[in-house]
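Structure data (compact mmCIF, C-alpha atoms) from run.txt:
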# COMPACT_ATOMS: atom_id res chain seq x y z
CA GLU A 1 121.82 52.89 52.62
CA PHE A 2 119.85 56.12 52.34
CA ILE A 3 120.76 59.77 52.45
CA ILE A 4 118.64 62.89 52.87
CA THR A 5 119.15 64.88 49.71
CA SER A 6 116.98 67.93 50.40
CA ILE A 7 114.17 69.43 52.46
CA ILE A 8 111.64 71.31 50.35
CA HIS A 9 108.37 72.71 51.75
CA ASN A 10 108.71 70.64 54.91
CA THR A 11 109.17 67.44 52.86
CA ILE A 12 112.35 65.41 53.23
CA HIS A 13 113.61 63.83 50.00
CA VAL A 14 115.43 60.53 50.60
CA SER A 15 117.61 58.79 48.00
CA SER A 16 119.34 55.41 48.06
CA ILE A 17 123.07 54.87 47.75
CA SER A 18 124.18 51.85 45.75
CA SER A 19 126.56 49.52 47.56
CA SER A 20 128.83 49.50 44.52
CA SER A 21 128.62 53.17 43.68
CA SER A 22 128.55 56.44 45.52
CA SER A 23 126.30 58.04 42.91
CA LEU A 24 122.79 59.08 43.97
CA VAL A 25 119.78 57.56 42.28
CA THR A 26 116.25 58.88 41.92
CA PRO A 27 114.58 59.72 45.25
CA LEU A 28 112.68 56.72 46.63
CA VAL A 29 110.24 58.44 49.00
CA ASN A 30 109.18 61.81 50.31
CA PHE A 31 107.86 62.04 53.86
CA VAL A 32 107.25 64.57 56.61
CA PRO A 33 108.42 63.47 60.08
CA THR A 34 106.05 65.33 62.35
CA ASN A 35 108.28 64.77 65.35
CA ILE A 36 111.10 66.72 63.66
CA ILE A 37 109.43 69.61 61.84
CA PRO A 38 107.04 71.70 63.97
CA ASN A 39 103.56 72.49 62.77
CA ILE A 40 103.10 75.98 61.36
CA THR A 41 99.82 77.53 62.55
CA THR A 42 97.98 80.65 61.47
CA PRO A 43 98.00 83.38 64.16
CA THR A 44 94.69 83.68 66.06
CA THR A 45 92.90 87.02 65.81
CA ILE A 46 91.15 88.11 69.03
CA THR A 47 88.35 90.62 68.62
CA THR A 48 87.03 92.77 71.48
CA PRO A 49 83.22 93.03 71.68
CA THR A 50 81.92 96.47 70.74
CA PRO A 51 80.21 98.18 73.70
CA ALA A 52 76.44 98.53 73.39
CA THR A 53 74.97 101.99 72.80
CA THR A 54 72.10 101.53 75.25
CA PHE A 55 71.30 99.52 78.37
CA THR A 56 68.53 96.93 78.27
CA SER A 57 67.11 94.54 80.87
CA LEU A 58 64.85 91.81 79.53
CA ALA A 59 63.03 91.94 82.87
CA TYR A 60 62.02 95.57 82.37
CA PRO A 61 58.65 94.74 80.72
CA LYS A 62 57.83 92.41 83.64
CA LYS A 63 57.37 95.21 86.16
CA SER A 64 54.10 94.67 88.00
CA LEU A 65 51.88 96.50 90.49
CA SER A 66 51.66 94.70 93.81
CA ASN A 67 53.06 95.22 97.28
CA THR A 68 55.87 97.74 96.84
CA PHE A 69 58.56 95.72 98.57
CA THR A 70 57.66 92.23 97.37
CA ALA A 71 60.09 91.11 94.68
CA SER A 72 59.02 88.88 91.82
CA ARG A 73 60.40 85.36 92.37
CA ASP A 74 61.49 84.73 88.80
CA THR A 75 63.05 88.10 87.97
CA ASN A 76 64.21 89.48 91.32
CA VAL A 77 62.75 92.88 90.45
CA SER A 78 60.67 95.15 92.62
CA PRO A 79 57.18 96.10 91.43
CA GLN A 80 56.28 99.18 89.44
CA GLU A 81 55.50 101.40 92.42
CA ALA A 82 59.08 101.17 93.66
CA TYR A 83 60.43 102.30 90.29
CA ASN A 84 57.91 105.13 90.12
CA LEU A 85 59.27 106.30 93.46
CA ILE A 86 62.85 106.09 92.19
CA SER A 87 61.91 108.11 89.12
CA ASN A 88 60.01 110.71 91.15
CA GLY A 89 62.82 110.93 93.69
CA PHE A 90 65.40 111.78 91.04
CA GLU A 91 63.38 113.72 88.48
CA SER A 92 65.25 116.91 89.39
CA ALA A 93 68.49 115.30 90.54
CA LEU A 94 70.06 114.60 87.15
CA PRO A 95 70.30 118.18 85.82
CA LYS A 96 71.83 119.34 89.11
CA ALA A 97 74.22 116.39 89.20
CA GLN A 98 75.26 117.05 85.60
CA LYS A 99 76.06 120.68 86.40
CA ALA A 100 78.04 119.59 89.46
CA ALA A 101 79.99 117.09 87.33
CA GLU A 102 80.76 119.81 84.78
CA ARG A 103 82.10 122.07 87.54
CA ARG A 104 84.46 119.25 88.57
CA GLY A 105 85.53 118.73 84.96
CA LYS A 106 83.78 115.34 84.76
CA ALA A 107 81.74 114.18 81.78
CA GLN A 108 78.96 112.46 83.73
CA PRO A 109 77.58 112.29 87.28
CA ARG A 110 78.21 108.95 88.99
CA CYS A 111 75.33 106.69 90.04
CA LEU A 112 75.38 103.65 92.37
CA ASP A 113 72.52 101.14 91.99
CA ILE A 114 72.52 98.86 95.07
CA GLY A 115 70.48 95.67 94.85
CA ALA A 116 70.27 95.96 91.07
CA GLY A 117 68.90 92.40 90.67
CA ALA A 118 67.84 91.84 87.07
CA GLY A 119 68.82 95.36 86.01
CA VAL A 120 65.37 96.97 85.94
CA SER A 121 66.41 99.83 88.22
CA THR A 122 69.60 100.19 86.15
CA GLN A 123 67.57 100.57 82.96
CA LEU A 124 65.32 103.14 84.66
CA LEU A 125 68.36 105.17 85.70
CA TRP A 126 69.76 104.86 82.16
CA GLU A 127 66.48 106.08 80.66
CA MET A 128 66.50 109.03 83.06
CA GLY A 129 69.81 110.06 81.49
CA PHE A 130 72.50 108.67 83.80
CA ARG A 131 75.47 107.32 81.84
CA ASP A 132 77.93 106.34 84.59
CA ILE A 133 76.24 103.58 86.61
CA THR A 134 77.75 100.98 88.94
CA ALA A 135 75.20 98.20 89.59
CA VAL A 136 75.78 96.00 92.64
CA ASP A 137 73.96 92.87 93.80
CA TRP A 138 74.87 90.01 96.13
CA SER A 139 74.02 87.48 93.37
CA SER A 140 74.74 87.75 89.65
CA LYS A 141 72.14 85.14 88.62
CA ALA A 142 69.28 87.52 87.85
CA TRP A 143 71.62 89.97 86.09
CA GLU A 144 73.15 87.25 83.92
CA ALA A 145 69.69 85.88 83.05
CA TYR A 146 68.12 89.19 82.02
CA VAL A 147 70.88 91.60 80.99
CA PRO A 148 72.32 90.74 77.56
CA GLY A 149 75.92 91.75 76.90
CA PRO A 150 77.96 93.62 76.02
CA LEU A 151 77.17 96.52 78.34
CA PRO A 152 77.41 100.20 77.40
CA ALA A 153 80.78 101.71 78.24
CA GLY A 154 79.42 103.58 81.26
CA VAL A 155 77.68 100.63 82.98
CA ARG A 156 79.32 97.90 85.04
CA PHE A 157 78.07 95.16 87.38
CA LEU A 158 79.73 93.88 90.56
CA GLU A 159 78.64 90.81 92.52
CA ALA A 160 78.65 91.90 96.17
CA ASP A 161 76.26 92.93 98.90
CA ASP A 162 76.37 96.56 100.03
CA GLY A 163 78.49 95.76 103.08
CA ARG A 164 81.21 93.96 101.12
CA PHE A 165 81.15 96.59 98.38
CA PHE A 166 81.57 99.55 100.75
CA ALA A 167 84.26 97.67 102.70
CA GLY A 168 86.14 96.74 99.52
CA GLU A 169 86.13 98.31 96.07
CA GLY A 170 83.69 101.06 97.02
CA ARG A 171 85.43 102.03 100.26
CA ALA A 172 86.70 105.40 99.04
CA GLU A 173 84.22 105.98 96.20
CA GLU A 174 81.82 108.93 96.06
CA TYR A 175 78.67 109.21 93.95
CA ASP A 176 76.24 111.91 92.92
CA VAL A 177 73.28 109.53 93.20
CA ILE A 178 72.80 106.32 95.23
CA VAL A 179 69.73 104.08 95.02
CA TYR A 180 68.87 101.29 97.46
CA ASN A 181 66.48 98.69 96.03
CA PHE A 182 65.85 96.88 99.31
CA ALA A 183 64.78 97.89 102.80
CA VAL A 184 67.43 99.21 105.20
CA ASN A 185 67.48 100.72 108.67
CA GLU A 186 67.77 104.50 108.74
CA ALA A 187 71.21 104.41 110.35
CA LYS A 188 72.59 102.47 107.37
CA ALA A 189 71.02 104.87 104.88
CA ARG A 190 72.39 107.92 106.69
CA GLU A 191 75.87 106.38 106.99
CA ALA A 192 75.98 105.51 103.27
CA ALA A 193 74.88 109.04 102.40
CA ARG A 194 77.46 110.62 104.70
CA ARG A 195 80.38 108.47 103.55
CA HIS A 196 79.65 107.89 99.86
CA LEU A 197 77.63 110.81 98.50
CA ARG A 198 79.78 113.49 96.92
CA PRO A 199 79.77 116.53 99.21
CA GLY A 200 77.46 119.26 98.00
CA PRO A 201 73.79 120.26 97.91
CA ASP A 202 72.91 118.27 94.76
CA SER A 203 73.91 114.70 95.76
CA ARG A 204 71.06 112.36 96.70
CA LEU A 205 70.50 108.90 98.22
CA LEU A 206 67.08 107.25 97.94
CA ALA A 207 66.20 104.21 100.06
CA PRO A 208 63.16 102.34 101.40
CA VAL A 209 63.76 102.79 105.13
CA ASN A 210 62.20 100.74 107.94
CA ILE A 211 59.74 102.86 109.91
CA GLN A 212 61.46 101.48 113.00
CA ASP A 213 64.76 99.62 113.32
CA ASP A 214 64.67 95.98 112.26
CA TYR A 215 60.93 96.11 111.53
CA TRP A 216 60.90 94.66 108.03
CA LEU A 217 57.15 94.73 107.41
CA SER A 218 56.77 98.47 106.85
CA GLN A 219 59.03 100.98 105.08
CA GLU A 220 58.85 104.39 103.47
CA TYR A 221 61.05 105.90 100.81
CA ARG A 222 63.33 108.64 102.12
CA LEU A 223 65.69 110.97 100.31
CA TYR A 224 69.01 111.90 101.93
CA GLY A 225 71.69 114.46 101.15
CA SER A 226 75.43 114.18 101.80
CA SER A 227 75.12 116.00 105.14

Go ahead and express the file in the form of structure tokens.
Amino acid sequence: EFIITSIIHNTIHVSSISSSSSSLVTPLVNFVPTNIIPNITTPTTITTPTPATTFTSLAYPKKSLSNTFTASRDTNVSPQEAYNLISNGFESALPKAQKAAERRGKAQPRCLDIGAGAGVSTQLLWEMGFRDITAVDWSSKAWEAYVPGPLPAGVRFLEADDGRFFAGEGRAEEYDVIVYNFAVNEAKAREAARRHLRPGPDSRLLAPVNIQDDYWLSQEYRLYGSS
């Protein structure tokens, strides 16, 4: 016969009992029954990635001069002329938007980058000084391929086309600056400006607008206010 004499450090000490005596003899074996004593594990430490201090798109150096509205197949970015127009369109918008944000008690003006693709337009807006940017695109593939994480605290990306975004999460949102990176009809540009630009003289929407409805071969950049 055997009797458990002690459990020390998860080890069970077993001794034999003589048939002619009740005295205990020297332990015969020490073993750990894993189905009785649970494993003791070290707690796992989860670390949160530190936000980046700047925004970078690896596609940014790939900007090229060609037809303004022809996107590069491998990066999903518009050519240089389009970004020059974005920059020129907002060269005076940021200081005014910053002052408007300060009057509302906000730290930064809000910017919506629609059709952000690989993040080139987002980086341009960041370099212009915007620090609260929502980037939206119907596919996340180009963004994931060319925008290394983590993102700065003020930048976020959402996978949605403009229709789904404005019907969902962006339904009640207002922005100081909105950029379209793809051609739209004028009615859509005006409606987005009316519904989603913050009221006031300093809010701006910039979009490449079809020169006539549903004519997708010719556009011009137009700047809209909230009214």

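The space separating atom CA of A:Glu186 from atom CA of A:Asp213 comes to 7.3 Å.
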
(request) Have a look at A:Arg131, A:Arg198, A:Arg190, A:Lys99 and name the one nearest to A:Arg222; count only C-alpha atoms. (result) A:Arg190

(message) Between atom CA of A:Lys188 and atom CA of A:Ile86, what is the distance in Å, rounded to a tenth?
(response) 18.4 Å

(request) Measuring atom to atom with all atoms listed in the file, identify which of A:Leu197, A:Pro148, A:Ser87, A:Lys141 is nearest to A:Met128. (result)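 Of the candidates, the smallest distance to A:Met128 is held by A:Ser87.
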
(request) Kindly give the distance, in Å, that separates atom CA of A:Arg194 and atom CA of A:Ala118, rounded to a single decimal. (result)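 Result for atom CA of A:Arg194 versus atom CA of A:Ala118: 27.5 Å, one decimal.
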
Which centre and edge lengths in Å to one decimal define the box along x, y and z that fits every listed atom of stretch 127-131 of chain A plus 6 Å per side, as lines of an AutoDock Vina configuration file?
center_x = 71.0
center_y = 108.1
center_z = 82.2
size_x = 21.0
size_y = 16.0
size_z = 15.1

(message) Give me the residues near A:Tyr215 as a list in words, where near means some atom within 12 Å (using only C-alpha atoms) and where sequence neighbours in that chain fewer than 3 positions away do not count.
(response)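 Within the cut-off, the hits are Ala183, Val184, Asn185, Glu186, Val209, Asn210, Ile211, Gln212, Ser218, Gln219 and Glu220 of chain A.
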
Mind dumping the selected residues with C-alpha atoms as a tab-separated table (two decimals), in the frame of the given file?
chain	number	residue	atom	x	y	z
A	183	ALA	CA	64.78	97.89	102.80
A	184	VAL	CA	67.43	99.21	105.20
A	185	ASN	CA	67.48	100.72	108.67
A	186	GLU	CA	67.77	104.50	108.74
A	209	VAL	CA	63.76	102.79	105.13
A	210	ASN	CA	62.20	100.74	107.94
A	211	ILE	CA	59.74	102.86	109.91
A	212	GLN	CA	61.46	101.48	113.00
A	218	SER	CA	56.77	98.47	106.85
A	219	GLN	CA	59.03	100.98	105.08
A	220	GLU	CA	58.85	104.39	103.47

(message) Calculated over all atoms listed in the file, which of the candidates A:Gly225, A:Gly149, A:Phe165, A:Ala82 has the smallest distance to A:Thr134?
(response)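 Result for the nearest residue to A:Thr134: A:Phe165.
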
(message) From the options A:Leu151, A:Ala52, A:Ala97, A:Ile133, which residue's atoms come nearest to A:Val179, counting only C-alpha atoms?
(response)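 The answer is A:Ile133, which sits nearest to A:Val179.
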
So which residues fall inside 6 Å of (69.9, 117.4, 94.4) if we count only C-alpha atoms? Mind giving them as a PDB file with C-alpha atoms, in the frame of the given file?
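After the write, point_3.pdb holds the following:
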ATOM      1  CA  ALA A  93      68.490 115.300  90.540  1.00  0.00           C
ATOM      2  CA  LYS A  96      71.830 119.340  89.110  1.00  0.00           C
ATOM      3  CA  PRO A 201      73.790 120.260  97.910  1.00  0.00           C
ATOM      4  CA  ASP A 202      72.910 118.270  94.760  1.00  0.00           C
ATOM      5  CA  SER A 203      73.910 114.700  95.760  1.00  0.00           C
ATOM      6  CA  ARG A 204      71.060 112.360  96.700  1.00  0.00           C
TER       7      ARG A 204
END

(message) Measuring between all atoms listed in the file, which one of A:Val155, A:Ala59, A:Leu223, A:Ala145 shows the shortest distance to A:Trp126?
(response) A:Val155
